[in-house]
Each structure stands twice: as C-alpha cells, then as structure tokens.
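*Asks:* Below is the file my_file_28.csv, with CSV, N, CA and C atoms.
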chain,number,residue,atom,x,y,z
Z,21,MET,N,-21.2,-30.5,-39.0
Z,21,MET,CA,-22.6,-30.6,-39.0
Z,21,MET,C,-23.1,-31.4,-37.8
Z,22,THR,N,-22.3,-31.6,-36.9
Z,22,THR,CA,-22.7,-32.3,-35.7
Z,22,THR,C,-22.7,-31.3,-34.5
Z,23,GLY,N,-23.2,-31.7,-33.4
Z,23,GLY,CA,-23.3,-30.9,-32.2
Z,23,GLY,C,-24.6,-30.1,-32.1
Z,24,LEU,N,-24.5,-28.9,-31.6
Z,24,LEU,CA,-25.7,-28.1,-31.3
Z,24,LEU,C,-26.4,-27.8,-32.6
Z,25,ARG,N,-27.7,-27.9,-32.6
Z,25,ARG,CA,-28.5,-27.6,-33.8
Z,25,ARG,C,-29.4,-26.5,-33.4
Z,26,ILE,N,-29.5,-25.5,-34.4
Z,26,ILE,CA,-30.4,-24.4,-34.2
Z,26,ILE,C,-31.5,-24.5,-35.2
Z,27,LYS,N,-32.7,-24.3,-34.7
Z,27,LYS,CA,-33.9,-24.4,-35.6
Z,27,LYS,C,-34.1,-23.1,-36.4
Z,28,HIS,N,-34.4,-23.2,-37.7
Z,28,HIS,CA,-34.6,-22.1,-38.6
Z,28,HIS,C,-36.0,-22.4,-39.2
Z,29,THR,N,-36.7,-21.3,-39.4
Z,29,THR,CA,-38.0,-21.4,-40.1
Z,29,THR,C,-37.9,-20.6,-41.4
Z,30,ILE,N,-38.1,-21.2,-42.5
Z,30,ILE,CA,-38.0,-20.5,-43.8
Z,30,ILE,C,-39.3,-20.8,-44.6
Z,31,ARG,N,-39.5,-19.9,-45.5
Z,31,ARG,CA,-40.7,-20.1,-46.4
Z,31,ARG,C,-40.1,-20.3,-47.8
Z,32,LEU,N,-40.7,-21.3,-48.5
Z,32,LEU,CA,-40.3,-21.7,-49.9
Z,32,LEU,C,-41.5,-21.5,-50.8
Z,33,PRO,N,-41.2,-21.1,-52.0
Z,33,PRO,CA,-42.3,-21.2,-53.0
Z,33,PRO,C,-42.9,-22.6,-53.1
Z,34,ALA,N,-44.1,-22.7,-53.5
Z,34,ALA,CA,-44.8,-24.0,-53.5
Z,34,ALA,C,-44.1,-25.0,-54.4
Z,35,ASP,N,-43.7,-24.5,-55.6
Z,35,ASP,CA,-43.0,-25.4,-56.6
Z,35,ASP,C,-41.7,-25.9,-56.0
Z,36,LEU,N,-40.9,-25.0,-55.4
Z,36,LEU,CA,-39.6,-25.4,-54.8
Z,36,LEU,C,-39.8,-26.4,-53.6
Z,37,SER,N,-40.9,-26.2,-52.8
Z,37,SER,CA,-41.2,-27.1,-51.7
Z,37,SER,C,-41.6,-28.5,-52.2
Z,38,ALA,N,-42.3,-28.5,-53.3
Z,38,ALA,CA,-42.7,-29.8,-53.9
Z,38,ALA,C,-41.4,-30.5,-54.5
Z,39,GLN,N,-40.5,-29.8,-55.1
Z,39,GLN,CA,-39.3,-30.4,-55.6
Z,39,GLN,C,-38.5,-30.9,-54.5
Z,40,LEU,N,-38.4,-30.2,-53.4
Z,40,LEU,CA,-37.7,-30.6,-52.2
Z,40,LEU,C,-38.2,-31.9,-51.7
Z,41,ALA,N,-39.6,-32.0,-51.5
Z,41,ALA,CA,-40.2,-33.2,-51.0
Z,41,ALA,C,-40.0,-34.3,-51.9
Z,42,ASP,N,-40.1,-34.1,-53.2
Z,42,ASP,CA,-39.9,-35.2,-54.2
Z,42,ASP,C,-38.5,-35.7,-54.2
Z,43,TYR,N,-37.5,-34.8,-54.2
Z,43,TYR,CA,-36.1,-35.2,-54.1
Z,43,TYR,C,-35.8,-36.0,-52.9
Z,44,ALA,N,-36.3,-35.5,-51.7
Z,44,ALA,CA,-36.0,-36.2,-50.5
Z,44,ALA,C,-36.6,-37.6,-50.5
Z,45,ALA,N,-37.8,-37.7,-51.0
Z,45,ALA,CA,-38.5,-39.0,-51.1
Z,45,ALA,C,-37.7,-40.0,-52.0
Z,46,ARG,N,-37.3,-39.5,-53.2
Z,46,ARG,CA,-36.5,-40.3,-54.1
Z,46,ARG,C,-35.2,-40.8,-53.5
Z,47,LYS,N,-34.6,-39.9,-52.7
Z,47,LYS,CA,-33.3,-40.2,-52.1
Z,47,LYS,C,-33.4,-40.9,-50.7
Z,48,ARG,N,-34.7,-41.0,-50.3
Z,48,ARG,CA,-35.0,-41.6,-49.0
Z,48,ARG,C,-34.2,-40.9,-47.9
Z,49,ALA,N,-34.2,-39.6,-47.9
Z,49,ALA,CA,-33.5,-38.7,-46.9
Z,49,ALA,C,-34.6,-37.7,-46.4
Z,50,SER,N,-34.3,-37.2,-45.2
Z,50,SER,CA,-35.2,-36.2,-44.7
Z,50,SER,C,-35.0,-34.9,-45.5
Z,51,GLN,N,-36.1,-34.1,-45.5
Z,51,GLN,CA,-36.0,-32.8,-46.2
Z,51,GLN,C,-34.9,-31.9,-45.5
Z,52,ALA,N,-34.9,-32.0,-44.2
Z,52,ALA,CA,-33.9,-31.2,-43.4
Z,52,ALA,C,-32.5,-31.6,-43.9
Z,53,LEU,N,-32.2,-32.8,-44.1
Z,53,LEU,CA,-30.9,-33.3,-44.5
Z,53,LEU,C,-30.5,-32.7,-45.9
Z,54,VAL,N,-31.5,-32.8,-46.8
Z,54,VAL,CA,-31.3,-32.3,-48.1
Z,54,VAL,C,-31.0,-30.8,-48.1
Z,55,VAL,N,-31.8,-30.0,-47.3
Z,55,VAL,CA,-31.6,-28.6,-47.2
Z,55,VAL,C,-30.2,-28.3,-46.6
Z,56,GLU,N,-29.9,-29.0,-45.5
Z,56,GLU,CA,-28.6,-28.9,-44.9
Z,56,GLU,C,-27.4,-29.1,-45.8
Z,57,THR,N,-27.5,-30.2,-46.6
Z,57,THR,CA,-26.4,-30.6,-47.5
Z,57,THR,C,-26.3,-29.5,-48.6
Z,58,ALA,N,-27.5,-29.1,-49.2
Z,58,ALA,CA,-27.4,-28.1,-50.3
Z,58,ALA,C,-26.9,-26.8,-49.8
Z,59,LEU,N,-27.3,-26.4,-48.6
Z,59,LEU,CA,-26.8,-25.1,-48.0
Z,59,LEU,C,-25.3,-25.2,-47.7
Z,60,SER,N,-24.9,-26.3,-47.2
Z,60,SER,CA,-23.4,-26.5,-46.9
Z,60,SER,C,-22.6,-26.4,-48.2
Z,61,SER,N,-23.1,-27.1,-49.2
Z,61,SER,CA,-22.4,-27.1,-50.5
Z,61,SER,C,-22.4,-25.7,-51.1
Z,62,PHE,N,-23.5,-25.0,-51.0
Z,62,PHE,CA,-23.7,-23.6,-51.6
Z,62,PHE,C,-22.7,-22.7,-50.9
Z,63,LEU,N,-22.5,-22.8,-49.6
Z,63,LEU,CA,-21.7,-21.9,-48.8
Z,63,LEU,C,-20.2,-22.2,-48.8
Z,64,SER,N,-19.9,-23.5,-49.2
Z,64,SER,CA,-18.5,-23.9,-49.1
Z,64,SER,C,-17.7,-23.1,-50.1
Z,65,GLY,N,-16.4,-22.9,-49.9
Z,65,GLY,CA,-15.5,-22.2,-50.8
Z,65,GLY,C,-15.1,-23.0,-52.0
Z,66,ASP,N,-15.3,-24.3,-51.9
Z,66,ASP,CA,-14.8,-25.2,-53.0
Z,66,ASP,C,-15.9,-25.6,-53.9
Z,67,SER,N,-17.0,-24.9,-53.8
Z,67,SER,CA,-18.2,-25.3,-54.7
Z,67,SER,C,-17.9,-25.1,-56.2
Z,68,SER,N,-17.1,-24.1,-56.5
Z,68,SER,CA,-16.8,-23.9,-57.9
Z,68,SER,C,-15.8,-25.0,-58.4
Z,69,GLU,N,-14.9,-25.5,-57.6
Z,69,GLU,CA,-14.0,-26.6,-58.0
Z,69,GLU,C,-14.8,-27.9,-58.1
Z,70,HIS,N,-15.8,-28.1,-57.1
Z,70,HIS,CA,-16.6,-29.3,-57.2
Z,70,HIS,C,-17.5,-29.2,-58.4
Z,71,LEU,N,-18.1,-28.1,-58.8
Z,71,LEU,CA,-18.9,-28.0,-60.0
Z,71,LEU,C,-18.0,-28.3,-61.2
Z,72,GLU,N,-16.8,-27.7,-61.2
Z,72,GLU,CA,-15.9,-28.0,-62.4
Z,72,GLU,C,-15.6,-29.4,-62.5
Z,73,ALA,N,-15.4,-30.1,-61.4
Z,73,ALA,CA,-15.1,-31.6,-61.5
Z,73,ALA,C,-16.3,-32.3,-62.0
Z,74,VAL,N,-17.5,-32.0,-61.5
Z,74,VAL,CA,-18.7,-32.7,-61.9
Z,74,VAL,C,-18.9,-32.4,-63.4
Z,75,LEU,N,-18.7,-31.2,-63.9
Z,75,LEU,CA,-18.9,-30.9,-65.3
Z,75,LEU,C,-17.9,-31.6,-66.1
Z,76,SER,N,-16.6,-31.7,-65.6
Z,76,SER,CA,-15.6,-32.3,-66.4
Z,76,SER,C,-15.9,-33.8,-66.5
Z,77,ARG,N,-16.3,-34.5,-65.5
Z,77,ARG,CA,-16.7,-35.9,-65.6
Z,77,ARG,C,-17.8,-36.1,-66.6
Z,78,ARG,N,-18.8,-35.2,-66.5
Z,78,ARG,CA,-20.0,-35.3,-67.4
Z,78,ARG,C,-19.5,-35.1,-68.9
Z,79,LEU,N,-18.7,-34.1,-69.1
Z,79,LEU,CA,-18.2,-33.8,-70.5
Z,79,LEU,C,-17.3,-35.0,-71.0
Z,80,ASP,N,-16.5,-35.6,-70.1
Z,80,ASP,CA,-15.8,-36.8,-70.5
Z,80,ASP,C,-16.7,-37.9,-70.9
Z,81,ARG,N,-17.8,-38.1,-70.1
Z,81,ARG,CA,-18.8,-39.2,-70.5
Z,81,ARG,C,-19.4,-38.9,-71.8
Z,82,LEU,N,-19.8,-37.6,-72.0
Z,82,LEU,CA,-20.5,-37.2,-73.3
Z,82,LEU,C,-19.5,-37.4,-74.4
Z,83,SER,N,-18.2,-37.1,-74.2
Z,83,SER,CA,-17.2,-37.3,-75.3
Z,83,SER,C,-17.1,-38.8,-75.7
Z,84,ARG,N,-17.1,-39.6,-74.7
Z,84,ARG,CA,-17.0,-41.1,-75.0
Z,84,ARG,C,-18.2,-41.6,-75.7
Z,85,GLN,N,-19.4,-41.1,-75.3
Z,85,GLN,CA,-20.7,-41.4,-76.0
Z,85,GLN,C,-20.6,-40.9,-77.4
Z,86,ALA,N,-20.1,-39.7,-77.6
Z,86,ALA,CA,-20.1,-39.2,-79.0
Z,86,ALA,C,-19.1,-40.0,-79.8
Z,87,ASP,N,-18.0,-40.4,-79.3
Z,87,ASP,CA,-17.0,-41.3,-80.0
Z,87,ASP,C,-17.7,-42.6,-80.4
Z,88,ARG,N,-18.5,-43.2,-79.5
Z,88,ARG,CA,-19.1,-44.5,-79.8
Z,88,ARG,C,-20.2,-44.2,-80.9
Z,89,LEU,N,-20.9,-43.1,-80.8
Z,89,LEU,CA,-21.9,-42.8,-81.8
Z,89,LEU,C,-21.2,-42.6,-83.2
Z,90,ALA,N,-20.1,-41.9,-83.2
Z,90,ALA,CA,-19.4,-41.7,-84.5
Z,90,ALA,C,-19.0,-43.0,-85.1
Z,91,TRP,N,-18.5,-43.9,-84.2
Z,91,TRP,CA,-18.1,-45.2,-84.7
Z,91,TRP,C,-19.3,-46.0,-85.3
Z,92,HIS,N,-20.4,-45.9,-84.7
Z,92,HIS,CA,-21.6,-46.6,-85.2
Z,92,HIS,C,-22.1,-46.0,-86.5
Z,93,VAL,N,-22.0,-44.7,-86.6
Z,93,VAL,CA,-22.4,-44.0,-87.8
Z,93,VAL,C,-21.5,-44.4,-89.0
Z,94,GLU,N,-20.2,-44.4,-88.7
Z,94,GLU,CA,-19.2,-44.8,-89.7
Z,94,GLU,C,-19.4,-46.3,-90.1
Z,95,LEU,N,-19.7,-47.1,-89.1
Z,95,LEU,CA,-20.0,-48.5,-89.4
Z,95,LEU,C,-21.2,-48.6,-90.4
Z,96,GLY,N,-22.3,-47.9,-90.1
Z,96,GLY,CA,-23.4,-47.9,-90.9
Z,96,GLY,C,-23.1,-47.4,-92.3
Z,97,ASN,N,-22.4,-46.3,-92.4
Z,97,ASN,CA,-22.0,-45.7,-93.7
Z,97,ASN,C,-21.2,-46.7,-94.5
Z,98,GLU,N,-20.2,-47.3,-93.9
Z,98,GLU,CA,-19.3,-48.3,-94.6
Z,98,GLU,C,-20.1,-49.5,-95.0
Z,99,THR,N,-21.0,-50.0,-94.2
Z,99,THR,CA,-21.8,-51.2,-94.5
Z,99,THR,C,-22.7,-50.9,-95.7
Z,100,LEU,N,-23.3,-49.7,-95.7
Z,100,LEU,CA,-24.2,-49.3,-96.9
Z,100,LEU,C,-23.3,-49.2,-98.1
Z,101,ALA,N,-22.2,-48.5,-98.0
Z,101,ALA,CA,-21.3,-48.3,-99.2
Z,101,ALA,C,-20.8,-49.7,-99.8
Z,102,LEU,N,-20.5,-50.6,-98.9
Z,102,LEU,CA,-20.0,-51.9,-99.4
Z,102,LEU,C,-21.2,-52.6,-100.1
Z,103,PHE,N,-22.4,-52.6,-99.5
Z,103,PHE,CA,-23.5,-53.2,-100.1
Z,103,PHE,C,-23.8,-52.6,-101.5
Z,104,ILE,N,-23.8,-51.3,-101.6
Z,104,ILE,CA,-24.1,-50.7,-102.8
Z,104,ILE,C,-23.1,-51.0,-103.9
Z,105,ARG,N,-21.8,-51.0,-103.5
Z,105,ARG,CA,-20.8,-51.4,-104.5
Z,105,ARG,C,-21.0,-52.8,-105.0
Z,106,PHE,N,-21.2,-53.7,-104.0
Z,106,PHE,CA,-21.4,-55.1,-104.3
Z,106,PHE,C,-22.6,-55.3,-105.3
Z,107,TRP,N,-23.7,-54.6,-104.9
Z,107,TRP,CA,-24.9,-54.7,-105.7
Z,107,TRP,C,-24.7,-54.2,-107.2
Z,108,LEU,N,-24.1,-53.1,-107.3
Z,108,LEU,CA,-23.8,-52.5,-108.6
Z,108,LEU,C,-22.9,-53.4,-109.5
Z,109,ILE,N,-21.9,-54.0,-108.8
Z,109,ILE,CA,-21.0,-54.8,-109.6
Z,109,ILE,C,-21.7,-56.1,-110.1
Z,110,ASN,N,-22.5,-56.7,-109.2
Z,110,ASN,CA,-23.1,-58.0,-109.5
Z,110,ASN,C,-24.5,-58.0,-110.1
Z,111,ASN,N,-25.0,-56.8,-110.4
Z,111,ASN,CA,-26.4,-56.8,-111.0
Z,111,ASN,C,-26.3,-55.9,-112.3
Z,112,PRO,N,-26.3,-56.5,-113.4
Z,112,PRO,CA,-26.2,-55.8,-114.7
Z,112,PRO,C,-27.6,-55.2,-114.9
Z,113,PRO,N,-27.7,-54.1,-115.8
Z,113,PRO,CA,-29.0,-53.5,-116.1
Z,113,PRO,C,-29.9,-54.5,-116.8
Z,114,LEU,N,-31.2,-54.4,-116.5
Z,114,LEU,CA,-32.2,-55.3,-117.1
Z,114,LEU,C,-32.6,-54.8,-118.5
Z,115,PRO,N,-33.0,-55.8,-119.4
Z,115,PRO,CA,-33.6,-55.4,-120.6
Z,115,PRO,C,-35.0,-54.8,-120.3
Z,116,ASP,N,-35.5,-54.0,-121.2
Z,116,ASP,CA,-36.9,-53.4,-121.0
Z,116,ASP,C,-38.0,-54.4,-120.9
Z,117,THR,N,-37.8,-55.6,-121.5
Z,117,THR,CA,-38.9,-56.6,-121.4
Z,117,THR,C,-39.0,-57.2,-120.0
Z,118,ALA,N,-37.9,-57.2,-119.2
Z,118,ALA,CA,-37.9,-57.7,-117.8
Z,118,ALA,C,-38.1,-56.7,-116.8
Z,119,LEU,N,-38.2,-55.4,-117.1
Z,119,LEU,CA,-38.2,-54.3,-116.2
Z,119,LEU,C,-39.5,-54.4,-115.3
Z,120,ALA,N,-40.7,-54.6,-115.8
Z,120,ALA,CA,-41.9,-54.6,-115.0
Z,120,ALA,C,-41.9,-55.7,-114.0
Z,121,ALA,N,-41.5,-56.9,-114.4
Z,121,ALA,CA,-41.4,-58.0,-113.4
Z,121,ALA,C,-40.4,-57.8,-112.4
Z,122,ALA,N,-39.3,-57.2,-112.7
Z,122,ALA,CA,-38.2,-56.9,-111.8
Z,122,ALA,C,-38.7,-55.9,-110.8
Z,123,GLN,N,-39.4,-54.9,-111.2
Z,123,GLN,CA,-39.9,-53.8,-110.3
Z,123,GLN,C,-40.9,-54.4,-109.3
Z,124,ALA,N,-41.8,-55.3,-109.8
Z,124,ALA,CA,-42.8,-56.0,-108.9
Z,124,ALA,C,-42.1,-56.8,-107.9
Z,125,MET,N,-41.1,-57.6,-108.3
Z,125,MET,CA,-40.3,-58.4,-107.4
Z,125,MET,C,-39.5,-57.5,-106.4
Z,126,GLY,N,-39.0,-56.4,-106.9
Z,126,GLY,CA,-38.2,-55.5,-106.1
Z,126,GLY,C,-39.1,-54.9,-105.0
Z,127,LYS,N,-40.4,-54.5,-105.3
Z,127,LYS,CA,-41.3,-54.0,-104.4
Z,127,LYS,C,-41.6,-55.0,-103.3
Z,128,GLU,N,-41.8,-56.2,-103.6
Z,128,GLU,CA,-42.1,-57.3,-102.7
Z,128,GLU,C,-40.9,-57.5,-101.8
Z,129,ARG,N,-39.7,-57.6,-102.4
Z,129,ARG,CA,-38.5,-57.7,-101.6
Z,129,ARG,C,-38.2,-56.5,-100.6
Z,130,TRP,N,-38.5,-55.3,-101.1
Z,130,TRP,CA,-38.4,-54.1,-100.3
Z,130,TRP,C,-39.3,-54.2,-99.0
Z,131,GLU,N,-40.5,-54.7,-99.2
Z,131,GLU,CA,-41.5,-54.8,-98.1
Z,131,GLU,C,-41.0,-55.8,-97.1
Z,132,ARG,N,-40.5,-56.9,-97.6
Z,132,ARG,CA,-39.9,-57.9,-96.7
Z,132,ARG,C,-38.7,-57.4,-95.9
Z,133,PHE,N,-37.9,-56.6,-96.6
Z,133,PHE,CA,-36.7,-56.0,-96.0
Z,133,PHE,C,-37.1,-55.0,-94.9
Z,134,VAL,N,-38.1,-54.2,-95.1
Z,134,VAL,CA,-38.6,-53.2,-94.1
Z,134,VAL,C,-39.2,-54.0,-92.9
Z,135,ASP,N,-39.9,-55.0,-93.2
Z,135,ASP,CA,-40.5,-55.8,-92.1
Z,135,ASP,C,-39.4,-56.4,-91.2
Z,136,THR,N,-38.4,-57.0,-91.9
Z,136,THR,CA,-37.2,-57.6,-91.2
Z,136,THR,C,-36.5,-56.5,-90.4
Z,137,LEU,N,-36.3,-55.4,-91.0
Z,137,LEU,CA,-35.6,-54.3,-90.3
Z,137,LEU,C,-36.4,-53.8,-89.1
Z,138,ASN,N,-37.7,-53.7,-89.2
Z,138,ASN,CA,-38.5,-53.3,-88.1
Z,138,ASN,C,-38.4,-54.3,-86.9
Z,139,ARG,N,-38.4,-55.6,-87.3
Z,139,ARG,CA,-38.3,-56.6,-86.2
Z,139,ARG,C,-36.9,-56.6,-85.6
Z,140,ARG,N,-35.8,-56.4,-86.3
Z,140,ARG,CA,-34.5,-56.3,-85.8
Z,140,ARG,C,-34.4,-55.1,-84.9
Z,141,MET,N,-34.9,-54.0,-85.3
Z,141,MET,CA,-34.8,-52.7,-84.5
Z,141,MET,C,-35.6,-52.9,-83.2
Z,142,GLU,N,-36.7,-53.6,-83.2
Z,142,GLU,CA,-37.5,-53.8,-82.0
Z,142,GLU,C,-37.0,-54.9,-81.1
Z,143,PHE,N,-36.6,-56.0,-81.7
Z,143,PHE,CA,-36.3,-57.2,-80.9
Z,143,PHE,C,-34.9,-57.7,-80.9
Z,144,GLY,N,-34.1,-57.2,-82.0
Z,144,GLY,CA,-32.8,-57.6,-82.1
Z,144,GLY,C,-32.7,-58.9,-83.0
Z,145,PRO,N,-31.6,-59.5,-83.3
Z,145,PRO,CA,-30.3,-58.9,-82.8
Z,145,PRO,C,-29.9,-57.7,-83.7
Z,146,ARG,N,-28.9,-57.0,-83.1
Z,146,ARG,CA,-28.5,-55.8,-83.8
Z,146,ARG,C,-27.1,-56.0,-84.4
Z,147,LEU,N,-26.8,-55.4,-85.6
Z,147,LEU,CA,-25.5,-55.5,-86.2
Z,147,LEU,C,-24.4,-55.1,-85.3
Z,148,ARG,N,-24.6,-54.1,-84.5
Z,148,ARG,CA,-23.6,-53.6,-83.6
Z,148,ARG,C,-23.2,-54.7,-82.6
Z,149,ASN,N,-24.1,-55.6,-82.3
Z,149,ASN,CA,-23.8,-56.8,-81.4
Z,149,ASN,C,-23.1,-57.9,-82.1
Z,150,GLU,N,-23.2,-57.9,-83.4
Z,150,GLU,CA,-22.5,-58.9,-84.2
Z,150,GLU,C,-21.1,-58.5,-84.6
Z,151,ILE,N,-20.8,-57.2,-84.5
Z,151,ILE,CA,-19.4,-56.7,-84.7
Z,151,ILE,C,-18.7,-56.7,-83.4
Z,152,ALA,N,-17.4,-57.1,-83.5
Z,152,ALA,CA,-16.6,-57.2,-82.3
Z,152,ALA,C,-16.5,-55.8,-81.6
Z,153,ASP,N,-16.7,-55.8,-80.3
Z,153,ASP,CA,-16.6,-54.5,-79.6
Z,153,ASP,C,-15.2,-54.0,-79.5
Z,154,ASP,N,-14.2,-54.9,-79.6
Z,154,ASP,CA,-12.9,-54.5,-79.4
Z,154,ASP,C,-12.3,-53.9,-80.7
Z,155,VAL,N,-13.0,-53.8,-81.8
Z,155,VAL,CA,-12.5,-53.2,-83.0
Z,155,VAL,C,-12.6,-51.7,-82.8
Z,156,GLU,N,-11.4,-51.1,-82.9
Z,156,GLU,CA,-11.4,-49.6,-82.7
Z,156,GLU,C,-11.1,-48.9,-84.0
Z,157,PRO,N,-11.8,-47.8,-84.2
Z,157,PRO,CA,-11.5,-47.1,-85.5
Z,157,PRO,C,-10.1,-46.5,-85.4
Z,158,GLU,N,-9.5,-46.4,-86.6
Z,158,GLU,CA,-8.2,-45.8,-86.7
Z,158,GLU,C,-8.2,-44.3,-86.6
Z,159,SER,N,-7.3,-43.8,-85.9
Z,159,SER,CA,-7.2,-42.3,-85.7
Z,159,SER,C,-6.5,-41.6,-86.8
For this file, produce the structure as structure tokens.

*Replies:*
Amino acid sequence: MTGLRIKHTIRLPADLSAQLADYAARKRASQALVVETALSSFLSGDSSEHLEAVLSRRLDRLSRQADRLAWHVELGNETLALFIRFWLINNPPLPDTALAAAQAMGKERWERFVDTLNRRMEFGPRLRNEIADDVEPES
C-alpha cells in the first residue's frame, strides 16, 4: 500500500457515506484509509480465514460468558433451595389464631426484603462478589 497512488472517484449511498464518516471519526483515521483497508481486506485471499478466526474468538468469548452465566444461575438456584429447605425445617405451621398477625408481619418483612434487594441490585454489594471467584463448578 505504499508507493504510487492512483486517485479514484466513487459514489456511495448517503447512509453508507455517513457510516464511513462516523467510523473514520471514531477511529481517528481518514476516510481514505478506512476505504483502503476495507477494500484490501475484501480483495485479499485470506479474508475467509480471517473471518473464521474472528468468529472463532467471538464464539469462544460467548462460550466463556455463557459458562459464567450458567454458574451464576446455578448459584442462585442452590441459594434459593437451601433457604427454602432451612425455612421449612425451622418454621412449624402456625395455629389459626396467630395466622392473621403472622401474615401482617410477613407482608411488612416482604416489603423490607424487596427494598433491600432493590438497593443491593442498584448499589451493591452483590452476592457474586461475596462468593470466591476461584470456586469452579464440578463438571
């Protein structure tokens, strides 16, 4: 791409021209350099191999993200299951005479729980940060 340069005049659709200008501005490169690089890549024989390598890296990254997401979902499920088991074991059924008071207290506690959950989701800390990152799920 060095040496003698030949001037070419091309016409682009308005939307493509705007995309070119925007991309060049974001990358702080000239529009000519962007077009030259894109055309060189398009015309090179290794473009399919390059595209395959780029897609492979992207798929690997998505796979790692999916693995982390699966771990967090499993953590949430196990946490909820342990809590439910603990609650059921340690809370016997109430007699009918105490049911109304327990329901009122339960509603108040639920509202405090939701407020606390909202604050944690917005500002932290998060449970995932309290669990060691080096704990790996068993395969």

*Asks:* Going by DSSP on the backbone, which bits of stretch 29-146 of chain Z are alpha helix (DSSP H)? Write them as a PyMOL selection string, please.

*Replies:* chain Z and resi 34-47+51-63+67-110+116-143

*Asks:* Please report the interatomic distance between atom CA of Z:Val74 and atom CA of Z:Trp91 in Å with one decimal.

*Replies:* 26.0 Å

*Asks:* Find the spatial neighbours of Z:Ile151, counting only C-alpha atoms, within a cut-off of 12 Å - ignore same-chain residues fewer than 6 positions away - and output them as a PyMOL selection string.

*Replies:* chain Z and resi 91-92+95-96+99+145

*Asks:* What does the distance between atom CA of Z:Phe133 and atom CA of Z:Ala101 come to in Å, to one decimal place?

*Replies:*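 According to the coordinates, atom CA of Z:Phe133 and atom CA of Z:Ala101 are separated by 17.5 Å.
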
*Asks:* What is the atom CA of Z:Arg46-atom CA of Z:Ala34 distance in Å, reported with one decimal?

*Replies:*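 Rounded to one decimal, the two atoms are 18.3 Å apart.
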
*Asks:* For the structure just given, write the atoms of stretch 75-90 of chain Z, namely N, CA and C atoms, as an mmCIF file, in the first residue's frame.

*Replies:*
data_model
loop_
_atom_site.group_PDB
_atom_site.id
_atom_site.type_symbol
_atom_site.label_atom_id
_atom_site.label_comp_id
_atom_site.auth_asym_id
_atom_site.auth_seq_id
_atom_site.Cartn_x
_atom_site.Cartn_y
_atom_site.Cartn_z
ATOM 1 N N LEU Z 75 -14.559 -14.914 14.066
ATOM 2 C CA LEU Z 75 -15.766 -15.562 14.570
ATOM 3 C C LEU Z 75 -15.442 -16.588 15.653
ATOM 4 N N SER Z 76 -14.345 -17.304 15.469
ATOM 5 C CA SER Z 76 -13.939 -18.299 16.453
ATOM 6 C C SER Z 76 -13.620 -17.641 17.790
ATOM 7 N N ARG Z 77 -12.882 -16.516 17.762
ATOM 8 C CA ARG Z 77 -12.580 -15.798 19.002
ATOM 9 C C ARG Z 77 -13.856 -15.292 19.659
ATOM 10 N N ARG Z 78 -14.773 -14.783 18.851
ATOM 11 C CA ARG Z 78 -16.037 -14.265 19.391
ATOM 12 C C ARG Z 78 -16.854 -15.404 20.009
ATOM 13 N N LEU Z 79 -16.923 -16.541 19.333
ATOM 14 C CA LEU Z 79 -17.656 -17.686 19.881
ATOM 15 C C LEU Z 79 -17.026 -18.194 21.175
ATOM 16 N N ASP Z 80 -15.688 -18.191 21.235
ATOM 17 C CA ASP Z 80 -15.012 -18.597 22.466
ATOM 18 C C ASP Z 80 -15.383 -17.658 23.611
ATOM 19 N N ARG Z 81 -15.394 -16.353 23.331
ATOM 20 C CA ARG Z 81 -15.746 -15.382 24.365
ATOM 21 C C ARG Z 81 -17.200 -15.565 24.793
ATOM 22 N N LEU Z 82 -18.100 -15.784 23.837
ATOM 23 C CA LEU Z 82 -19.503 -16.017 24.175
ATOM 24 C C LEU Z 82 -19.675 -17.296 24.996
ATOM 25 N N SER Z 83 -18.902 -18.315 24.667
ATOM 26 C CA SER Z 83 -18.961 -19.572 25.407
ATOM 27 C C SER Z 83 -18.525 -19.364 26.857
ATOM 28 N N ARG Z 84 -17.442 -18.602 27.055
ATOM 29 C CA ARG Z 84 -16.994 -18.322 28.426
ATOM 30 C C ARG Z 84 -18.042 -17.508 29.179
ATOM 31 N N GLN Z 85 -18.672 -16.543 28.514
ATOM 32 C CA GLN Z 85 -19.721 -15.753 29.155
ATOM 33 C C GLN Z 85 -20.917 -16.635 29.520
ATOM 34 N N ALA Z 86 -21.281 -17.550 28.632
ATOM 35 C CA ALA Z 86 -22.396 -18.465 28.917
ATOM 36 C C ALA Z 86 -22.060 -19.374 30.090
ATOM 37 N N ASP Z 87 -20.815 -19.828 30.183
ATOM 38 C CA ASP Z 87 -20.397 -20.655 31.314
ATOM 39 C C ASP Z 87 -20.511 -19.884 32.624
ATOM 40 N N ARG Z 88 -20.064 -18.610 32.614
ATOM 41 C CA ARG Z 88 -20.178 -17.794 33.829
ATOM 42 C C ARG Z 88 -21.639 -17.563 34.180
ATOM 43 N N LEU Z 89 -22.459 -17.321 33.178
ATOM 44 C CA LEU Z 89 -23.890 -17.104 33.419
ATOM 45 C C LEU Z 89 -24.522 -18.360 34.006
ATOM 46 N N ALA Z 90 -24.182 -19.509 33.468
ATOM 47 C CA ALA Z 90 -24.721 -20.768 33.988
ATOM 48 C C ALA Z 90 -24.305 -20.965 35.437
#
